[in-house]
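Colleague: My file is work.txt. It has compact mmCIF, C-alpha atoms and all ligand atoms:
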# COMPACT_ATOMS: atom_id res chain seq x y z
CA MET O 217 114.05 87.51 108.68
CA ASN O 218 110.35 88.17 108.19
CA THR O 219 110.15 89.90 104.81
CA LEU O 220 111.42 88.30 101.65
CA ALA O 221 111.04 89.33 98.02
CA ILE O 222 111.19 87.10 94.97
CA ILE O 223 112.44 89.07 92.00
CA GLY O 224 113.03 87.88 88.43
CA ALA O 225 116.66 88.69 87.55
CA GLN O 226 116.34 88.29 83.77
CA TRP O 227 113.51 88.83 81.23
CA GLY O 228 110.90 86.93 83.25
CA ASP O 229 110.07 83.21 83.18
CA GLU O 230 112.94 82.37 85.53
CA GLY O 231 110.87 79.89 87.57
CA LYS O 232 109.56 82.29 90.22
CA GLY O 233 106.29 80.39 90.68
CA LYS O 234 107.96 77.24 91.90
CA ILE O 235 110.25 79.08 94.34
CA THR O 236 107.37 81.19 95.67
CA ASP O 237 105.29 78.06 96.10
CA LEU O 238 108.03 76.34 98.09
CA LEU O 239 108.87 79.30 100.31
CA GLY O 240 105.16 80.11 100.55
CA GLN O 241 104.67 77.07 102.76
CA HIS O 242 106.68 78.89 105.47
CA ALA O 243 105.08 82.30 104.81
CA ASP O 244 102.03 83.79 106.52
CA TYR O 245 101.35 86.13 103.58
CA VAL O 246 102.27 86.08 99.89
CA VAL O 247 101.78 89.45 98.19
CA ARG O 248 101.64 90.36 94.49
CA PHE O 249 102.60 94.04 94.13
CA GLN O 250 102.73 94.73 90.35
CA GLY O 251 101.76 93.42 86.95
CA GLY O 252 98.57 91.53 86.25
CA ASN O 253 97.49 88.49 84.31
CA ASN O 254 100.42 88.93 81.92
CA ALA O 255 102.34 86.79 84.43
CA GLY O 256 102.26 83.02 84.25
CA HIS O 257 103.61 81.21 87.29
CA THR O 258 103.74 77.46 86.76
CA ILE O 259 103.65 75.07 89.70
CA ILE O 260 103.70 71.28 89.44
CA VAL O 261 101.87 69.52 92.25
CA GLY O 262 101.94 65.74 91.90
CA ASP O 263 100.80 65.03 88.37
CA LYS O 264 99.02 68.38 88.06
CA LYS O 265 100.32 71.51 86.38
CA ILE O 266 98.83 74.69 87.84
CA VAL O 267 99.44 78.00 86.09
CA LEU O 268 98.65 81.10 88.12
CA HIS O 269 98.36 84.50 86.46
CA GLN O 270 96.91 86.95 88.98
CA ILE O 271 96.50 84.94 92.14
CA PRO O 272 99.65 84.79 94.30
CA SER O 273 101.41 81.42 94.32
CA GLY O 274 100.90 81.18 98.11
CA ILE O 275 97.26 80.25 97.48
CA LEU O 276 98.19 76.58 97.29
CA HIS O 277 99.09 76.51 101.01
CA GLU O 278 96.09 76.45 103.30
CA LYS O 279 97.64 78.50 106.10
CA CYS O 280 98.90 81.24 103.82
CA ILE O 281 97.01 84.46 103.08
CA SER O 282 97.37 85.66 99.48
CA VAL O 283 97.23 89.39 98.82
CA ILE O 284 96.74 91.26 95.56
CA ALA O 285 98.02 94.71 96.50
CA HIS O 286 97.25 98.13 95.01
CA GLY O 287 100.14 98.11 92.49
CA VAL O 288 98.51 95.31 90.51
CA VAL O 289 96.33 95.81 87.43
CA PHE O 290 93.38 93.49 87.94
CA GLU O 291 91.26 91.76 85.31
CA PRO O 292 87.99 90.60 86.94
CA GLU O 293 86.86 88.08 84.32
CA ALA O 294 90.26 86.34 84.12
CA PHE O 295 90.48 86.41 87.92
CA MET O 296 87.14 84.61 88.33
CA ALA O 297 88.18 81.90 85.84
CA GLU O 298 91.47 81.45 87.67
CA LEU O 299 89.77 81.32 91.05
CA THR O 300 87.43 78.59 89.81
CA MET O 301 90.46 76.58 88.62
CA VAL O 302 92.27 77.07 91.95
CA LYS O 303 89.17 76.04 93.92
CA GLU O 304 89.19 72.70 92.09
CA ASN O 305 92.54 72.07 93.78
CA ILE O 306 92.30 73.72 97.19
CA THR O 307 89.76 75.44 99.45
CA VAL O 308 89.84 79.21 99.11
CA THR O 309 87.85 81.35 101.50
CA PRO O 310 87.76 85.17 101.22
CA ASP O 311 89.83 85.56 104.40
CA ARG O 312 92.66 83.76 102.57
CA LEU O 313 92.56 85.85 99.42
CA ARG O 314 92.53 89.62 99.79
CA ILE O 315 92.34 92.17 96.98
CA SER O 316 93.22 95.84 97.43
CA LEU O 317 90.34 98.27 97.03
CA ASN O 318 92.86 100.53 95.26
CA ALA O 319 94.09 98.06 92.62
CA THR O 320 93.53 99.29 89.06
CA VAL O 321 90.91 97.50 86.96
CA ILE O 322 91.70 96.30 83.42
CA THR O 323 88.62 97.10 81.36
CA THR O 324 87.51 95.85 77.95
CA TYR O 325 88.81 99.13 76.49
CA HIS O 326 92.34 98.37 77.64
CA LYS O 327 92.30 94.96 76.00
CA ILE O 328 90.99 96.39 72.71
CA LEU O 329 93.69 99.06 72.73
CA ASP O 330 96.49 96.58 73.48
CA ALA O 331 95.37 94.19 70.73
CA ASN O 332 95.01 96.91 68.11
CA ARG O 333 98.25 98.69 68.89
CA GLU O 334 100.17 95.45 68.66
CA GLY O 335 98.28 94.43 65.54
CA GLN O 336 98.44 97.72 63.64
CA SER O 337 101.38 99.70 64.95
CA LYS O 338 104.74 99.68 63.16
CA VAL O 339 106.61 99.41 66.48
CA LYS O 340 105.62 96.17 68.18
CA ILE O 341 106.57 95.39 71.77
CA GLY O 342 105.28 91.83 71.60
CA THR O 343 102.93 92.30 74.56
CA THR O 344 100.86 89.52 76.08
CA GLY O 345 97.74 91.31 74.78
CA LYS O 346 96.11 91.43 78.21
CA GLY O 347 95.62 95.21 78.33
CA ILE O 348 98.40 95.73 80.86
CA GLY O 349 100.07 98.80 79.31
CA PRO O 350 96.83 100.70 78.58
CA ALA O 351 95.56 100.02 82.13
CA TYR O 352 98.76 101.42 83.67
CA GLU O 353 98.52 104.40 81.29
CA ASP O 354 95.09 105.24 82.71
CA LYS O 355 96.40 104.85 86.26
CA ILE O 356 99.21 107.33 85.65
CA ALA O 357 96.83 109.64 83.77
CA ARG O 358 94.60 109.61 86.91
CA ARG O 359 91.51 108.27 85.17
CA ALA O 360 91.69 104.57 86.11
CA ILE O 361 88.84 102.52 87.48
CA LYS O 362 89.82 101.26 90.93
CA ILE O 363 88.42 98.10 92.52
CA LYS O 364 86.37 100.18 94.99
CA ASP O 365 84.59 101.83 92.01
CA LEU O 366 83.14 98.45 91.04
CA PHE O 367 80.63 98.69 93.87
CA ASP O 368 78.83 101.80 92.54
CA LYS O 369 77.18 101.70 89.12
CA ASP O 370 76.90 105.50 88.81
CA ILE O 371 80.55 106.10 89.61
CA LEU O 372 81.50 103.38 87.17
CA GLU O 373 79.44 104.84 84.35
CA THR O 374 80.71 108.36 84.96
CA LYS O 375 84.34 107.24 85.04
CA LEU O 376 84.01 104.99 82.01
CA THR O 377 82.32 107.77 80.04
CA HIS O 378 85.27 110.01 80.90
CA ALA O 379 87.73 107.28 79.92
CA LEU O 380 85.93 106.86 76.59
CA GLU O 381 86.21 110.54 75.63
CA GLU O 382 89.59 109.96 73.97
CA LYS O 383 89.41 106.21 73.46
CA ALA O 384 86.23 106.33 71.36
CA TYR O 385 88.09 108.49 68.84
CA LEU O 386 90.92 105.96 68.65
CA PHE O 387 88.54 103.00 68.33
CA GLU O 388 86.47 104.65 65.59
CA HIS O 389 89.02 106.67 63.61
CA VAL O 390 92.40 105.01 64.15
CA TYR O 391 91.75 101.31 64.79
CA ASN O 392 88.30 100.80 63.34
CA ALA O 393 87.49 98.61 66.36
CA GLU O 394 84.17 97.72 67.97
CA TYR O 395 83.76 98.64 71.63
CA PRO O 396 81.05 98.37 74.29
CA SER O 397 79.21 101.49 75.49
CA ALA O 398 80.15 102.95 78.88
CA LYS O 399 76.73 101.80 80.14
CA ASP O 400 77.26 98.18 79.09
CA GLU O 401 80.83 98.08 80.39
CA ALA O 402 79.67 99.60 83.69
CA ALA O 403 76.96 96.94 84.02
CA ARG O 404 79.47 94.16 83.31
CA LEU O 405 82.02 95.43 85.80
CA TYR O 406 79.38 96.12 88.45
CA GLU O 407 78.34 92.46 88.33
CA TYR O 408 81.93 91.39 88.94
CA GLY O 409 82.11 93.89 91.78
CA GLN O 410 79.23 92.15 93.54
CA ILE O 411 81.06 88.82 93.39
CA LEU O 412 84.44 90.29 94.33
CA LYS O 413 83.20 92.39 97.26
CA GLU O 414 83.94 89.80 99.93
CA TYR O 415 87.58 89.55 98.86
CA VAL O 416 88.26 93.28 98.89
CA CYS O 417 89.94 95.23 101.71
CA ASP O 418 92.59 97.82 102.53
CA THR O 419 95.61 95.59 101.90
CA PHE O 420 98.07 98.31 102.94
CA SER O 421 96.82 98.12 106.53
CA LEU O 422 96.70 94.33 106.34
CA ILE O 423 100.37 94.14 105.37
CA ASP O 424 101.24 96.84 107.91
CA ARG O 425 99.67 94.82 110.75
CA ALA O 426 101.29 91.63 109.51
CA THR O 427 104.81 93.09 109.46
CA GLN O 428 104.30 94.82 112.84
CA ASP O 429 103.22 91.46 114.30
CA GLY O 430 106.37 89.80 112.96
CA LYS O 431 104.49 87.66 110.45
CA LYS O 432 106.43 86.22 107.54
CA VAL O 433 105.60 88.16 104.41
CA LEU O 434 106.75 87.09 100.96
CA PHE O 435 106.51 89.60 98.09
CA GLU O 436 106.09 87.76 94.81
CA GLY O 437 107.46 89.65 91.82
CA ALA O 438 106.19 89.02 88.31
CA GLN O 439 108.18 89.39 85.07
CA GLY O 440 111.84 90.34 85.60
CA ILE O 441 114.13 93.32 86.10
CA LEU O 442 114.97 93.56 82.41
CA LEU O 443 111.24 94.08 81.81
CA ASP O 444 110.96 96.86 84.44
CA ILE O 445 109.48 100.11 83.11
CA ASP O 446 112.48 102.11 84.46
CA TYR O 447 115.29 99.59 84.88
CA GLY O 448 114.46 97.37 81.91
CA SER O 449 115.45 97.34 78.24
CA TYR O 450 113.01 100.13 77.30
CA PRO O 451 110.81 100.25 75.22
CA TYR O 452 110.66 96.42 75.15
CA VAL O 453 109.42 96.21 78.72
CA THR O 454 106.22 95.80 80.65
CA SER O 455 104.54 98.84 82.22
CA SER O 456 105.23 98.25 85.91
CA SER O 457 108.09 98.29 88.41
CA THR O 458 109.09 94.65 88.45
CA GLY O 459 112.08 95.08 90.77
CA ALA O 460 112.27 95.51 94.52
CA ALA O 461 111.36 99.21 94.24
CA GLY O 462 107.89 98.16 93.06
CA ILE O 463 107.22 96.60 96.47
CA TYR O 464 107.41 99.97 98.20
CA THR O 465 105.01 101.67 95.79
CA GLY O 466 102.84 98.67 94.92
CA ALA O 467 102.20 97.16 98.35
CA GLY O 468 103.97 99.17 101.07
CA VAL O 469 106.44 97.95 103.66
CA THR O 470 105.99 100.06 106.77
CA SER O 471 108.86 98.35 108.54
CA GLY O 472 111.08 100.12 106.01
CA VAL O 473 113.01 97.32 104.41
CA VAL O 474 112.58 93.97 102.78
CA ASN O 475 115.18 91.81 104.54
CA GLU O 476 116.04 89.36 101.79
CA LYS O 477 115.76 90.00 98.08
CA LEU O 478 116.04 86.68 96.34
CA GLY O 479 116.78 87.01 92.63
CA ILE O 480 115.61 84.15 90.45
CA VAL O 481 117.92 83.34 87.57
CA LYS O 482 117.68 80.59 85.00
CA ALA O 483 120.90 78.67 84.27
CA TYR O 484 120.58 80.07 80.72
CA ILE O 485 118.40 82.97 79.57
CA THR O 486 115.12 83.33 77.70
CA ARG O 487 113.03 86.13 76.35
CA VAL O 488 109.55 86.37 74.81
CA GLY O 489 108.45 89.32 72.76
CA GLU O 490 110.60 91.78 70.87
CA GLY O 491 113.86 93.50 71.80
CA PRO O 492 117.61 92.86 71.75
CA MET O 493 119.01 89.77 73.46
CA PRO O 494 122.83 89.64 73.17
CA THR O 495 123.34 85.95 73.98
CA GLU O 496 120.47 84.57 71.89
CA ILE O 497 121.63 81.29 70.31
CA ALA O 498 120.99 81.09 66.59
CA GLU O 499 122.47 77.60 66.23
CA GLU O 500 120.71 74.26 66.70
CA ILE O 501 121.72 74.06 70.37
CA GLY O 502 119.35 76.99 71.07
CA ASP O 503 116.45 74.92 69.70
CA ARG O 504 117.55 72.00 71.85
CA ILE O 505 117.57 74.10 75.02
CA GLN O 506 114.16 75.47 74.03
CA LYS O 507 112.77 71.94 73.59
CA ILE O 508 114.38 70.35 76.66
CA GLY O 509 113.38 73.34 78.82
CA HIS O 510 109.80 73.45 77.37
CA GLU O 511 110.35 77.12 76.76
CA PHE O 512 106.91 78.31 75.78
CA GLY O 513 105.21 81.31 77.42
CA ALA O 514 102.85 80.22 80.22
CA THR O 515 100.44 83.05 79.36
CA THR O 516 100.56 83.28 75.57
CA GLY O 517 102.08 79.94 74.52
CA ARG O 518 104.69 81.81 72.47
CA ARG O 519 108.06 80.17 71.86
CA ARG O 520 110.70 81.71 74.11
CA ARG O 521 113.99 82.79 72.58
CA CYS O 522 116.91 81.01 74.28
CA GLY O 523 120.47 82.12 74.99
CA TRP O 524 123.54 81.40 77.10
CA LEU O 525 123.70 82.77 80.63
CA ASP O 526 124.40 86.48 80.41
CA LEU O 527 126.49 87.66 83.38
CA PRO O 528 126.50 91.37 82.42
CA ILE O 529 122.70 91.29 82.63
CA LEU O 530 122.75 89.41 85.91
CA LYS O 531 125.28 91.84 87.41
CA TYR O 532 123.08 94.76 86.42
CA ALA O 533 119.93 93.08 87.80
CA VAL O 534 121.64 92.43 91.15
CA LYS O 535 122.67 96.07 91.40
CA ALA O 536 119.35 97.46 90.15
CA SER O 537 117.32 95.59 92.73
CA SER O 538 119.85 95.21 95.58
CA ILE O 539 119.47 91.45 95.34
CA THR O 540 120.94 89.61 98.32
CA SER O 541 121.00 85.99 97.08
CA LEU O 542 120.10 83.95 94.02
CA ALA O 543 118.02 80.93 93.14
CA LEU O 544 119.52 79.20 90.10
CA THR O 545 116.79 77.32 88.24
CA LYS O 546 116.54 74.77 85.43
CA VAL O 547 120.15 73.57 85.71
CA ASP O 548 118.91 70.14 84.61
CA VAL O 549 118.17 71.56 81.14
CA LEU O 550 121.89 72.19 80.55
CA SER O 551 122.94 68.83 81.94
CA GLY O 552 124.41 66.59 79.27
CA LEU O 553 124.90 69.26 76.59
CA GLU O 554 128.17 68.75 74.74
CA GLU O 555 128.90 72.47 74.86
CA LEU O 556 128.41 75.12 77.55
CA LYS O 557 129.15 78.82 77.33
CA VAL O 558 128.71 81.82 79.61
CA CYS O 559 128.85 85.43 78.50
CA TYR O 560 131.18 87.33 80.87
CA ALA O 561 131.23 90.67 79.01
CA TYR O 562 130.14 92.52 75.86
CA GLU O 563 132.12 94.31 73.25
CA ILE O 564 130.45 97.46 71.99
CA ASP O 565 132.23 99.82 69.57
CA GLY O 566 135.59 98.28 70.46
CA LYS O 567 135.14 98.62 74.25
CA GLU O 568 134.54 95.85 76.78
CA TYR O 569 131.73 96.02 79.37
CA ASP O 570 131.10 93.46 82.10
CA CYS O 571 127.82 94.97 83.34
CA ALA O 572 124.75 95.73 81.19
CA TYR O 573 124.35 99.29 82.40
CA PRO O 574 121.27 100.98 80.92
CA GLY O 575 123.37 103.42 78.87
CA LEU O 576 124.53 100.54 76.67
CA ASP O 577 122.83 99.73 73.39
CA LEU O 578 122.27 95.99 73.72
CA SER O 579 121.47 95.67 70.02
CA LYS O 580 125.14 96.55 69.34
CA ALA O 581 126.60 94.18 71.94
CA THR O 582 128.84 91.33 70.81
CA PRO O 583 128.90 88.78 73.64
CA LEU O 584 132.30 87.58 74.84
CA TYR O 585 132.06 83.97 75.94
CA LYS O 586 133.95 81.72 78.24
CA SER O 587 133.58 78.06 77.23
CA ILE O 588 133.28 75.92 80.30
CA PRO O 589 133.25 72.15 80.82
CA PRO O 590 129.68 70.86 80.51
CA PHE O 591 128.20 68.97 83.45
CA THR O 592 126.23 65.75 83.62
CA GLU O 593 124.19 65.22 86.77
CA ASP O 594 121.47 62.95 88.02
CA PHE O 595 120.72 65.51 90.80
CA LYS O 596 119.44 62.82 93.15
CA LYS O 597 122.31 63.07 95.60
CA ASP O 598 121.08 66.22 97.29
CA GLY O 599 123.76 68.87 97.51
CA GLU O 600 126.69 66.89 96.20
CA TYR O 601 127.39 68.14 92.75
CA ALA O 602 129.92 67.19 90.15
CA THR O 603 132.96 69.47 90.05
CA GLU O 604 131.76 71.01 86.78
CA LEU O 605 128.41 72.08 88.24
CA ASN O 606 130.11 73.39 91.38
CA ASP O 607 132.38 75.43 89.11
CA TYR O 608 129.36 76.78 87.21
CA ILE O 609 127.75 77.91 90.48
CA LYS O 610 131.03 79.40 91.73
CA LEU O 611 131.49 81.32 88.48
CA ILE O 612 128.10 82.95 89.00
CA GLU O 613 128.71 83.68 92.69
CA ASP O 614 132.09 85.23 91.96
CA ALA O 615 130.63 87.42 89.21
CA VAL O 616 127.88 88.92 91.35
CA ASP O 617 129.38 88.55 94.83
CA ILE O 618 126.25 87.06 96.43
CA PRO O 619 125.49 83.40 97.18
CA VAL O 620 123.42 80.98 95.14
CA GLY O 621 121.09 79.99 97.98
CA ILE O 622 118.79 77.68 95.99
CA LEU O 623 119.36 75.27 93.14
CA ALA O 624 116.33 73.99 91.22
CA TYR O 625 116.83 71.05 88.89
CA GLY O 626 113.35 70.08 87.69
CA PRO O 627 109.70 71.17 87.76
CA GLU O 628 108.61 69.07 90.78
CA ARG O 629 108.39 70.53 94.28
CA SER O 630 110.98 67.96 95.36
CA GLN O 631 113.56 68.89 92.72
CA ILE O 632 115.21 71.66 94.61
CA HIS O 633 118.13 72.03 96.93
CA PHE O 634 118.28 74.75 99.59
CA ARG O 635 121.87 75.83 100.24
CA LYS O 636 120.75 78.62 102.57
CA ASN O 637 117.88 79.01 105.06
CA TYR O 638 115.02 81.29 104.12
CA PHE O 639 112.21 82.21 106.52
CA GLN O 640 113.66 80.14 109.36
P1 LIG C 701 102.88 93.32 78.54
O1 LIG C 701 103.32 93.14 79.94
O2 LIG C 701 101.76 92.40 78.12
O3 LIG C 701 102.59 94.75 78.21
O4 LIG C 701 104.13 92.91 77.59
C1 LIG C 701 105.32 93.70 77.53
C2 LIG C 701 106.55 92.82 77.36
O5 LIG C 701 106.74 92.08 78.56
C3 LIG C 701 106.48 91.79 76.25
O6 LIG C 701 107.78 91.60 75.72
C4 LIG C 701 106.03 90.52 76.97
O7 LIG C 701 106.42 89.35 76.26
C5 LIG C 701 106.79 90.68 78.27
N1 LIG C 701 106.15 89.98 79.40
C6 LIG C 701 105.07 90.36 80.12
N2 LIG C 701 104.80 89.47 81.08
C7 LIG C 701 105.75 88.51 81.01
C8 LIG C 701 106.03 87.34 81.78
O8 LIG C 701 105.34 87.00 82.75
N3 LIG C 701 107.11 86.62 81.38
C9 LIG C 701 107.91 86.98 80.35
N4 LIG C 701 107.69 88.07 79.61
C10 LIG C 701 106.62 88.83 79.93
Please rewrite the model in this file as structure tokens.

Modeller:
Amino acid sequence: MNTLAIIGAQWGDEGKGKITDLLGQHADYVVRFQGGNNAGHTIIVGDKKIVLHQIPSGILHEKCISVIAHGVVFEPEAFMAELTMVKENITVTPDRLRISLNATVITTYHKILDANREGQSKVKIGTTGKGIGPAYEDKIARRAIKIKDLFDKDILETKLTHALEEKAYLFEHVYNAEYPSAKDEAARLYEYGQILKEYVCDTFSLIDRATQDGKKVLFEGAQGILLDIDYGSYPYVTSSSTGAAGIYTGAGVTSGVVNEKLGIVKAYITRVGEGPMPTEIAEEIGDRIQKIGHEFGATTGRRRRCGWLDLPILKYAVKASSITSLALTKVDVLSGLEELKVCYAYEIDGKEYDCAYPGLDLSKATPLYKSIPPFTEDFKKDGEYATELNDYIKLIEDAVDIPVGILAYGPERSQIHFRKNYFQ
């Protein structure tokens, strides 16, 4: 196996950063293929907490090359701040961090638009406010600034002037928002271009060569399948392809297939932002899970909504992204609760559904729960679990018909148990 994808199998925040970090030590390349600095991948190294937003989690391993591929929307200012933080922890040379010349740039205009739409519109998505949606809009509308444009001031100014034709009207007449001139924005971005130049290359060819040479390539997904622009719970989604399909458009895999698609699933479920969430727990136990699990957004600090594990959603995610195995994370958070429930199906208009197919209106779903015996574990005895935890894992495996290959039971690098070999 030389290509492996890490895909969020819920609404994001499943613990992808930690798994990518651990598997990244065996990888030659770690590639981000979608999203931008809306992601927040938390990694605990010793007594340090490192949160990565745009830089792939492989950066923390000296032998690993991190790649930001063309499907990413890239924010230069946030990237530079993040790079400075990473460099305080590990040496980063440009040959170890490569950025696609075709990645789309998030400009100041995108951030202003995102903030004002969320602030003033009646329909709120609950975005991270990083300008992600507006940047992808410009990409699809064929007027985006690409990384390669940052190296030419004239091109930048011409393209930004074009981009402003419609946006200036919105800023002035709809949102009453201040905005920089195309000339000033061009000058700002050009300066970043000069600093970024040494990191930029044709990442498609880089990944092509790597896979042809049999190198181990890990594709690091951000967000989760339920936030996918096509497969997710639209319109409460992000604006990119967060599932495995996004790898083919956002990075390219010339060998044709990604061998292993590892879905990351939390032992319960969380969501930030708006949108229906059938198993959301209104009672006090939801607050307890939220507190024990430190469920606050790594990018925005928002409180995450918490719910019981939702098998219909997991079944759908596995199908939607052809997931081949699962990593079950944060099982320690459920340990010791006096009550444990799993949603095995929904009832909608008197009918039962065991898979959250996209035709279903999740806001109408009544979750059907199975109460299961809670488990208490100290997790130190690697791989030997109490019967109750074994049953919990088996219940999940039986529901989705793929193995739970990894069990994570705490934030530390050491608090993980591999039940299957990856990259070996
Ligand atoms: P955007 O990606 O900032 O446009 O936000 C769109 C939706 O995706 C909102 O509900 C966000 O809360 C959610 N979202 C975006 N990135 C993440 C993430 O990394 N984890 C969890 N939710 C996210």

Colleague: Tell me which of O:Val481, O:Ile497, O:Ala360, O:Val453 sits closest to O:Lys340, counting only C-alpha atoms.

Modeller: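 The shortest atom-to-atom distance to O:Lys340 comes from O:Val453.
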
Colleague: Pick from O:Asp526, O:Asp244, O:Glu628, O:Asp311: nearest to O:Lys413, with only C-alpha atoms counted?

Modeller: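 Ranked by minimum distance to O:Lys413, first place goes to O:Asp311.
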
Colleague: Which protein, DNA or RNA residues are at most 12 Å from (123.6, 87.0, 72.0) in the file's coordinates when you count only C-alpha atoms, listed as an NGL selection string?

Modeller: :O and (484-487 or 491-499 or 502 or 521-529 or 557-563 or 578-585)

Colleague: Find the distance between atom CA of O:Gly468 and atom CA of O:Asp354 and write it in Å to one decimal.

Modeller: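 The value is 21.3 Å.
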
Colleague: Would you kindly return, as a list in words, each protein, DNA or RNA residue with an atom no farther than 12 Å from any atom of O:Gly513, considering only C-alpha atoms and excluding same-chain residues fewer than 3 positions away?

Modeller: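 Once the nearby chain positions are removed, what remains is Trp227, Gly228, Asp229, Glu230, Gly231, Asn254, Ala255, Gly256, His257, Thr258, Val267, His269, Thr343, Thr344, Gln439, Thr486, Arg487, Val488, Gly489, Gln506, Gly509, His510, Thr516, Gly517, Arg518, Arg519, Arg520 and Arg521 of chain O.
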
Colleague: Write out, as a PDB file, in the coordinates of the input, the residues just selected, with C-alpha atoms.

Modeller:
ATOM      1  CA  TRP O 227     113.510  88.830  81.230  1.00  0.00           C
ATOM      2  CA  GLY O 228     110.900  86.930  83.250  1.00  0.00           C
ATOM      3  CA  ASP O 229     110.070  83.210  83.180  1.00  0.00           C
ATOM      4  CA  GLU O 230     112.940  82.370  85.530  1.00  0.00           C
ATOM      5  CA  GLY O 231     110.870  79.890  87.570  1.00  0.00           C
ATOM      6  CA  ASN O 254     100.420  88.930  81.920  1.00  0.00           C
ATOM      7  CA  ALA O 255     102.340  86.790  84.430  1.00  0.00           C
ATOM      8  CA  GLY O 256     102.260  83.020  84.250  1.00  0.00           C
ATOM      9  CA  HIS O 257     103.610  81.210  87.290  1.00  0.00           C
ATOM     10  CA  THR O 258     103.740  77.460  86.760  1.00  0.00           C
ATOM     11  CA  VAL O 267      99.440  78.000  86.090  1.00  0.00           C
ATOM     12  CA  HIS O 269      98.360  84.500  86.460  1.00  0.00           C
ATOM     13  CA  THR O 343     102.930  92.300  74.560  1.00  0.00           C
ATOM     14  CA  THR O 344     100.860  89.520  76.080  1.00  0.00           C
ATOM     15  CA  GLN O 439     108.180  89.390  85.070  1.00  0.00           C
ATOM     16  CA  THR O 486     115.120  83.330  77.700  1.00  0.00           C
ATOM     17  CA  ARG O 487     113.030  86.130  76.350  1.00  0.00           C
ATOM     18  CA  VAL O 488     109.550  86.370  74.810  1.00  0.00           C
ATOM     19  CA  GLY O 489     108.450  89.320  72.760  1.00  0.00           C
ATOM     20  CA  GLN O 506     114.160  75.470  74.030  1.00  0.00           C
ATOM     21  CA  GLY O 509     113.380  73.340  78.820  1.00  0.00           C
ATOM     22  CA  HIS O 510     109.800  73.450  77.370  1.00  0.00           C
ATOM     23  CA  THR O 516     100.560  83.280  75.570  1.00  0.00           C
ATOM     24  CA  GLY O 517     102.080  79.940  74.520  1.00  0.00           C
ATOM     25  CA  ARG O 518     104.690  81.810  72.470  1.00  0.00           C
ATOM     26  CA  ARG O 519     108.060  80.170  71.860  1.00  0.00           C
ATOM     27  CA  ARG O 520     110.700  81.710  74.110  1.00  0.00           C
ATOM     28  CA  ARG O 521     113.990  82.790  72.580  1.00  0.00           C
TER      29      ARG O 521
END

Colleague: What's the separation between atom CA of O:Pro292 and atom CA of O:Leu405, in Å to one decimal place?

Modeller: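 Interatomic distance, atom CA of O:Pro292 to atom CA of O:Leu405: 7.8 Å.
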
Colleague: What residues have an atom no more than 10 Å from (121.0, 84.8, 95.5) in the file's own frame, counting only C-alpha atoms, and can you write them as a VMD selection string?

Modeller: chain O and resid 225 476 to 481 534 539 to 544 612 to 613 616 to 623 636

Colleague: Of the candidates O:Tyr450, O:Phe634, O:Phe639, O:Phe435, which one gets nearest to ligand LIG 701 (chain C) if we count only C-alpha atoms and all ligand atoms?

Modeller: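 For ligand LIG 701 (chain C), the nearest of the given residues is O:Tyr450.
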
Colleague: Hey, which of O:Phe591, O:Phe367, O:Tyr625, O:Tyr325 ends up closest to O:Ser397? Count all atoms listed in the file.

Modeller: O:Tyr325

Colleague: What does the structure give for the distance between atom CA of O:Ile284 and atom CA of O:Lys265, in Å to one decimal?

Modeller: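 Computing the Euclidean distance for atom CA of O:Ile284 and atom CA of O:Lys265 yields 22.1 Å.
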
Colleague: Between O:Gln250, O:Gln428, O:Asn318, O:Gln336, which has the minimum distance to ligand LIG 701 (chain C) (counting all atoms listed in the file)?

Modeller: O:Gln250

Colleague: Could you check which of O:Val416, O:Ile505, O:Leu611, O:Leu443 is closest to O:Gln226, using only C-alpha atoms?

Modeller: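 With only C-alpha atoms as the atom set, the closest residue is O:Leu443.
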
Colleague: Give, as JSON, the centre coordinates and the x, y and z edge lengths in Å to one decimal for an axis-aligned box around all listed atoms of stretch 526-530 of chain O, padded by 8 Å on each side.

Modeller:
{"center_x": 124.6, "center_y": 88.9, "center_z": 83.2, "size_x": 19.8, "size_y": 20.9, "size_z": 21.5}

Colleague: If we count all atoms listed in the file, what is near O:Lys431 at a cut-off of 8 Å, once residues fewer than 3 positions away on the same chain are taken out, given as a PyMOL selection string?

Modeller: chain O and resi 218+243-245+426-428

Colleague: Got a sec: who's within 12 Å of O:Thr320, counting only C-alpha atoms, leaving out chain neighbours fewer than 2 positions off, as a VMD selection string?

Modeller: chain O and resid 249 to 252 284 to 292 315 to 318 322 to 323 326 347 to 356 358 to 366 466
